[in-house]
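Okay, my_file37.pdb now, which holds PDB, C-alpha atoms:
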```
ATOM      1  CA  MET A  21     -32.632  43.287  53.196
ATOM      2  CA  PRO A  22     -32.492  39.597  53.814
ATOM      3  CA  ARG A  23     -36.288  39.450  53.652
ATOM      4  CA  ALA A  24     -36.334  41.108  50.235
ATOM      5  CA  ARG A  25     -33.841  38.622  48.930
ATOM      6  CA  ALA A  26     -35.921  35.742  50.210
ATOM      7  CA  ARG A  27     -38.991  37.145  48.425
ATOM      8  CA  TRP A  28     -37.054  37.510  45.179
ATOM      9  CA  ALA A  29     -35.736  33.966  45.482
ATOM     10  CA  THR A  30     -39.242  32.626  46.084
ATOM     11  CA  ALA A  31     -40.635  34.593  43.140
ATOM     12  CA  ALA A  32     -37.801  33.343  40.883
ATOM     13  CA  ARG A  33     -38.494  29.738  41.863
ATOM     14  CA  ALA A  34     -42.195  30.170  41.217
ATOM     15  CA  ALA A  35     -41.521  31.709  37.800
ATOM     16  CA  ALA A  36     -39.144  28.863  36.899
ATOM     17  CA  ALA A  37     -41.726  26.270  37.949
ATOM     18  CA  LEU A  38     -44.423  28.046  35.937
ATOM     19  CA  CYS A  39     -42.173  28.087  32.843
ATOM     20  CA  ALA A  40     -41.415  24.392  33.261
ATOM     21  CA  VAL A  41     -45.114  23.484  33.530
ATOM     22  CA  ALA A  42     -45.957  25.642  30.497
ATOM     23  CA  GLY A  43     -43.115  24.043  28.510
ATOM     24  CA  VAL A  44     -44.368  20.548  29.282
ATOM     25  CA  LEU A  45     -47.996  21.386  28.445
ATOM     26  CA  LEU A  46     -47.237  23.306  25.249
ATOM     27  CA  ALA A  47     -44.503  21.026  23.844
ATOM     28  CA  PRO A  48     -45.313  19.131  20.640
ATOM     29  CA  ALA A  49     -45.263  15.336  20.583
ATOM     30  CA  ALA A  50     -41.749  13.905  20.242
ATOM     31  CA  ARG A  51     -40.911  11.658  17.292
ATOM     32  CA  ALA A  52     -38.012   9.256  16.810
ATOM     33  CA  SER A  53     -37.847   9.901  13.067
ATOM     34  CA  PHE A  54     -38.833  12.490  10.536
ATOM     35  CA  LEU A  55     -40.632   9.685   8.674
ATOM     36  CA  SER A  56     -43.709   7.836   9.800
ATOM     37  CA  GLY A  57     -45.824   4.878   8.790
ATOM     38  CA  ASP A  58     -45.073   3.226   5.445
ATOM     39  CA  ALA A  59     -42.346   5.734   4.571
ATOM     40  CA  LEU A  60     -40.422   4.690   7.681
ATOM     41  CA  ASP A  61     -40.797   0.995   6.797
ATOM     42  CA  THR A  62     -39.651   1.598   3.214
ATOM     43  CA  ALA A  63     -36.622   3.593   4.326
ATOM     44  CA  ALA A  64     -35.681   0.880   6.844
ATOM     45  CA  ASP A  65     -35.997  -1.806   4.143
ATOM     46  CA  TRP A  66     -33.722   0.060   1.728
ATOM     47  CA  LEU A  67     -31.199   0.814   4.459
ATOM     48  CA  ALA A  68     -31.106  -2.864   5.439
ATOM     49  CA  ILE A  69     -30.649  -3.943   1.810
ATOM     50  CA  PHE A  70     -27.813  -1.445   1.372
ATOM     51  CA  ILE A  71     -26.074  -2.600   4.561
ATOM     52  CA  LEU A  72     -26.492  -6.295   3.750
ATOM     53  CA  ILE A  73     -25.069  -5.927   0.228
ATOM     54  CA  PHE A  74     -22.521  -3.116   0.211
ATOM     55  CA  VAL A  75     -20.930  -3.351   3.659
ATOM     56  CA  PRO A  76     -19.691  -6.948   3.109
ATOM     57  CA  ILE A  77     -18.461  -6.032  -0.391
ATOM     58  CA  GLY A  78     -16.626  -3.033   1.047
ATOM     59  CA  ALA A  79     -15.105  -5.177   3.802
ATOM     60  CA  ILE A  80     -13.913  -7.769   1.274
ATOM     61  CA  VAL A  81     -12.392  -5.092  -0.971
ATOM     62  CA  LEU A  82     -10.631  -3.471   2.000
ATOM     63  CA  PHE A  83      -9.337  -6.877   3.149
ATOM     64  CA  TRP A  84      -8.026  -7.552  -0.373
ATOM     65  CA  LEU A  85      -6.391  -4.120  -0.703
ATOM     66  CA  VAL A  86      -4.563  -4.568   2.583
ATOM     67  CA  HIS A  87      -3.406  -8.033   1.573
ATOM     68  CA  ILE A  88      -1.798  -6.887  -1.673
ATOM     69  CA  LEU A  89       0.281  -4.203   0.081
ATOM     70  CA  PRO A  90       3.341  -6.494   0.456
ATOM     71  CA  GLU A  91       3.118  -7.289  -3.255
ATOM     72  CA  LYS A  92       3.073  -3.577  -4.102
ATOM     73  CA  VAL A  93       6.025  -2.900  -1.782
ATOM     74  CA  ALA A  94       8.032  -5.718  -3.357
ATOM     75  CA  GLU A  95       7.230  -4.406  -6.826
ATOM     76  CA  LYS A  96       8.247  -0.860  -5.910
ATOM     77  CA  ARG A  97      11.521  -2.017  -4.345
ATOM     78  CA  HIS A  98      12.277  -4.381  -7.280
ATOM     79  CA  HIS A  99      12.534  -7.305  -4.873
ATOM     80  CA  PRO A 100      13.984 -10.325  -6.721
ATOM     81  CA  GLN A 101      11.509 -12.691  -5.061
ATOM     82  CA  ARG A 102       8.509 -10.544  -5.947
ATOM     83  CA  ASP A 103       6.621 -13.432  -7.539
ATOM     84  CA  ALA A 104       6.975 -15.565  -4.414
ATOM     85  CA  ILE A 105       5.750 -12.664  -2.260
ATOM     86  CA  THR A 106       2.748 -12.302  -4.579
ATOM     87  CA  THR A 107       1.984 -16.004  -4.163
ATOM     88  CA  LEU A 108       2.256 -15.707  -0.395
ATOM     89  CA  CYS A 109      -0.172 -12.763  -0.471
ATOM     90  CA  LEU A 110      -2.685 -14.864  -2.423
ATOM     91  CA  LEU A 111      -2.264 -17.767  -0.008
ATOM     92  CA  SER A 112      -2.788 -15.329   2.840
ATOM     93  CA  LEU A 113      -6.176 -14.421   1.383
ATOM     94  CA  VAL A 114      -7.140 -18.097   1.424
ATOM     95  CA  PHE A 115      -5.902 -18.646   4.995
ATOM     96  CA  GLY A 116      -7.639 -15.596   6.430
ATOM     97  CA  GLY A 117      -4.607 -13.355   6.676
ATOM     98  CA  LEU A 118      -2.396 -15.626   8.758
ATOM     99  CA  LEU A 119       0.467 -15.494   6.235
ATOM    100  CA  TRP A 120       0.191 -11.758   5.593
ATOM    101  CA  PRO A 121       2.735 -10.662   8.245
ATOM    102  CA  ILE A 122       5.295 -13.019   6.723
ATOM    103  CA  ALA A 123       4.709 -11.532   3.259
ATOM    104  CA  TRP A 124       4.969  -8.015   4.716
ATOM    105  CA  LEU A 125       8.288  -8.766   6.418
ATOM    106  CA  TRP A 126       9.626 -10.573   3.363
ATOM    107  CA  ALA A 127       8.801  -7.612   1.114
ATOM    108  CA  TYR A 128      10.864  -5.301   3.338
ATOM    109  CA  THR A 129      13.845  -7.611   3.846
ATOM    110  CA  ARG A 130      17.028  -7.138   1.940
ATOM    111  CA  PRO A 131      17.719 -10.337  -0.028
ATOM    112  CA  ILE A 132      21.338 -10.850   1.035
ATOM    113  CA  GLY A 133      21.297 -14.614   0.476
ATOM    114  CA  TYR A 134      19.792 -14.055  -2.952
ATOM    115  CA  LYS A 135      22.588 -11.639  -3.817
ATOM    116  CA  MET A 136      25.230 -14.157  -2.739
ATOM    117  CA  ALA A 137      23.634 -16.840  -4.890
ATOM    118  CA  TYR A 138      22.714 -14.817  -7.983
ATOM    119  CA  GLY A 139      24.904 -11.715  -7.847
ATOM    120  CA  THR A 140      22.065  -9.200  -7.537
ATOM    121  CA  GLU A 141      19.342  -8.117  -5.169
ATOM    122  CA  LYS A 142      17.028  -6.718  -7.853
ATOM    123  CA  HIS A 143      14.331  -8.256 -10.024
ATOM    124  CA  GLU A 144      15.003  -8.671 -13.756
ATOM    125  CA  ASP A 145      12.423  -5.978 -14.509
ATOM    126  CA  TYR A 146      14.653  -3.458 -12.744
ATOM    127  CA  PHE A 147      17.478  -4.102 -15.187
ATOM    128  CA  THR A 148      15.146  -3.925 -18.156
ATOM    129  CA  GLU A 149      13.707  -0.627 -16.916
ATOM    130  CA  MET A 150      17.148   0.840 -16.227
ATOM    131  CA  GLY A 151      18.385  -0.365 -19.633
ATOM    132  CA  GLU A 152      15.515   1.459 -21.335
ATOM    133  CA  ARG A 153      16.373   4.602 -19.400
ATOM    134  CA  ALA A 154      20.055   4.233 -20.392
ATOM    135  CA  LYS A 155      19.134   3.860 -24.071
ATOM    136  CA  ALA A 156      16.923   6.939 -23.814
ATOM    137  CA  GLY A 157      19.843   8.869 -22.329
ATOM    138  CA  SER A 158      18.161   9.696 -19.016
ATOM    139  CA  LEU A 159      20.851   7.944 -16.929
ATOM    140  CA  VAL A 160      24.179   9.562 -16.132
ATOM    141  CA  GLY A 161      27.411   7.779 -16.970
ATOM    142  CA  HIS A 162      28.183   6.360 -13.537
ATOM    143  CA  ASP A 163      24.644   4.911 -13.264
ATOM    144  CA  VAL A 164      25.089   3.140 -16.598
ATOM    145  CA  ALA A 165      28.476   1.872 -15.453
ATOM    146  CA  HIS A 166      26.952   0.653 -12.178
ATOM    147  CA  LEU A 167      24.193  -1.115 -14.095
ATOM    148  CA  ARG A 168      26.748  -2.776 -16.324
ATOM    149  CA  ASP A 169      28.794  -3.850 -13.292
ATOM    150  CA  GLU A 170      25.719  -5.428 -11.686
ATOM    151  CA  LEU A 171      25.028  -7.329 -14.889
ATOM    152  CA  ASP A 172      28.667  -8.450 -14.923
ATOM    153  CA  ALA A 173      28.356  -9.719 -11.339
ATOM    154  CA  MET A 174      25.332 -11.748 -12.395
ATOM    155  CA  ALA A 175      27.253 -13.083 -15.402
ATOM    156  CA  GLN A 176      30.106 -14.172 -13.114
ATOM    157  CA  LYS A 177      27.628 -16.207 -11.068
ATOM    158  CA  GLY A 178      26.246 -17.699 -14.301
ATOM    159  CA  THR A 179      22.732 -16.399 -13.675
ATOM    160  CA  LEU A 180      22.403 -13.832 -16.462
ATOM    161  CA  PRO A 181      19.304 -14.591 -18.575
ATOM    162  CA  PRO A 182      19.519 -14.173 -22.371
ATOM    163  CA  GLU A 183      17.531 -10.907 -22.455
ATOM    164  CA  LEU A 184      19.858  -9.381 -19.869
ATOM    165  CA  ARG A 185      22.888 -10.620 -21.827
ATOM    166  CA  LYS A 186      21.519  -8.703 -24.777
ATOM    167  CA  LEU A 187      21.027  -5.642 -22.556
ATOM    168  CA  ARG A 188      24.607  -5.937 -21.317
ATOM    169  CA  ALA A 189      25.865  -5.956 -24.900
ATOM    170  CA  GLU A 190      23.749  -2.878 -25.670
ATOM    171  CA  LEU A 191      25.200  -1.100 -22.638
ATOM    172  CA  ASP A 192      28.703  -1.967 -23.880
ATOM    173  CA  ALA A 193      27.773  -0.395 -27.200
ATOM    174  CA  LEU A 194      26.896   2.865 -25.406
ATOM    175  CA  GLY A 195      30.594   3.224 -24.588
ATOM    176  CA  VAL A 196      30.385   4.319 -20.941
ATOM    177  CA  PRO A 197      33.447   3.192 -18.932
ATOM    178  CA  ALA A 198      33.036   0.782 -16.008
ATOM    179  CA  ALA A 199      32.641   2.172 -12.493
ATOM    180  CA  ASP A 200      35.187  -0.166 -10.855
ATOM    181  CA  GLY A 201      37.648  -2.930 -11.697
ATOM    182  CA  ASN A 202      35.137  -5.092 -13.561
ATOM    183  CA  ALA A 203      36.378  -3.779 -16.909
ATOM    184  CA  ALA A 204      39.150  -6.385 -16.906
ATOM    185  CA  VAL A 205      36.659  -9.128 -16.099
ATOM    186  CA  ARG A 206      34.402  -7.937 -18.911
ATOM    187  CA  ALA A 207      37.290  -7.813 -21.381
ATOM    188  CA  ALA A 208      38.296 -11.374 -20.411
ATOM    189  CA  LYS A 209      34.711 -12.609 -20.866
ATOM    190  CA  ASP A 210      34.362 -10.878 -24.213
ATOM    191  CA  ALA A 211      37.668 -12.363 -25.385
ATOM    192  CA  GLY A 212      36.758 -15.864 -24.151
TER     193      GLY A 212
END
```

Would you write out, as structure tokens, the structure that this file holds?
Amino acid sequence: MPRARARWATAARAAAALCAVAGVLLAPAARASFLSGDALDTAADWLAIFILIFVPIGAIVLFWLVHILPEKVAEKRHHPQRDAITTLCLLSLVFGGLLWPIAWLWAYTRPIGYKMAYGTEKHEDYFTEMGERAKAGSLVGHDVAHLRDELDAMAQKGTLPPELRKLRAELDALGVPAADGNAAVRAAKDAG
């Protein structure tokens, strides 16, 4: 038995070697590309032109899109210092992105100092947008009252712009009661 196995092993090795030699002799010539000659040169030229033109443009657009993210966040959150964040984003583009982390953090911070100074932590556009929704009737009563109270807090600080004063008067005309004790303050201001 062991002799028969040895013969089979030798025959298997010989067959494998014969197949390997036949594969090497009968194999077609290998090519690095499906193109050859002038077609290969033309394809390489067009690929190089594409890479030299469109890859840098794509990189610049991606860099720009990432750098305006803090501006978009500030706009979405109605950050009162949105314009300053936008300016910092533009400066960050000029300085190679060094100021971008500051703009990103600033867009996500809650403007507590701004609220203490001006009576609100929202941009004026927020009040205009909410006023339009109140006039359209898509805000519930307590939201209108809260909006009016925020405008009153800004008026107490003396920072209510004329267009928001007009909005406050329009909200008063809607006739929704105040959400907290600012009704007395409003009555005193209207009387005075």

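Contact shell of stretch 191-194 of chain A at 8 Å (all atoms listed in the file; same-chain neighbours under 4 positions omitted): Gly151, Ala154, Lys155, Val164, Arg168 and Leu187 of chain A.
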
Compile the contact shell of A:Ile122 as a ChimeraX atom specification: residues with an atom at most 12 Å away, counting all atoms listed in the file, same-chain residues fewer than 5 positions apart removed.
/A:87,90-91,104-109,111-112,117,127-129

Prev. selection, C-alpha atoms, output as a short mmCIF file (atom, residue, chain, number, x, y, z; two decimals), keeping the file's coordinate frame:
```cif
data_model
loop_
_atom_site.label_atom_id
_atom_site.label_comp_id
_atom_site.auth_asym_id
_atom_site.auth_seq_id
_atom_site.Cartn_x
_atom_site.Cartn_y
_atom_site.Cartn_z
CA HIS A 87 -3.41 -8.03 1.57
CA PRO A 90 3.34 -6.49 0.46
CA GLU A 91 3.12 -7.29 -3.26
CA ALA A 104 6.98 -15.56 -4.41
CA ILE A 105 5.75 -12.66 -2.26
CA THR A 106 2.75 -12.30 -4.58
CA THR A 107 1.98 -16.00 -4.16
CA LEU A 108 2.26 -15.71 -0.40
CA CYS A 109 -0.17 -12.76 -0.47
CA LEU A 111 -2.26 -17.77 -0.01
CA SER A 112 -2.79 -15.33 2.84
CA GLY A 117 -4.61 -13.36 6.68
CA ALA A 127 8.80 -7.61 1.11
CA TYR A 128 10.86 -5.30 3.34
CA THR A 129 13.84 -7.61 3.85
#
```

How many Å lie between atom CA of A:Ile71 and atom CA of A:Val114, rounded to one decimal?
24.7 Å

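Of the residues listed (A:Phe83, A:Phe54, A:Trp126, A:Trp120), A:Trp126 shows the shortest atom-to-atom separation from A:Asp103; distances use all atoms listed in the file.
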
Enter the distance from atom CA of A:Pro22 to atom CA of A:Leu38, in Å, rounded to one decimal.
24.4 Å

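Here atom CA of A:Lys177 stands at a distance of 8.9 Å from atom CA of A:Met136.
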
Selection dump of the PyMOL selection byres ((chain A and resi 176) around 10), as a PyMOL selection string:
chain A and resi 138-139+170-175+177-180+205-206+209

Let me know the residues the PyMOL selection byres ((chain A and resi 97) around 12) catches in the file above, as a ChimeraX atom specification.
/A:90-96,98-102,126-131,141-143,145-146

I want to know what sits within 8 Å of A:Leu184, based on all atoms listed in the file, with residues of the same chain fewer than 5 positions away left out; could you give that as a PyMOL selection string?
chain A and resi 144+147-148+171
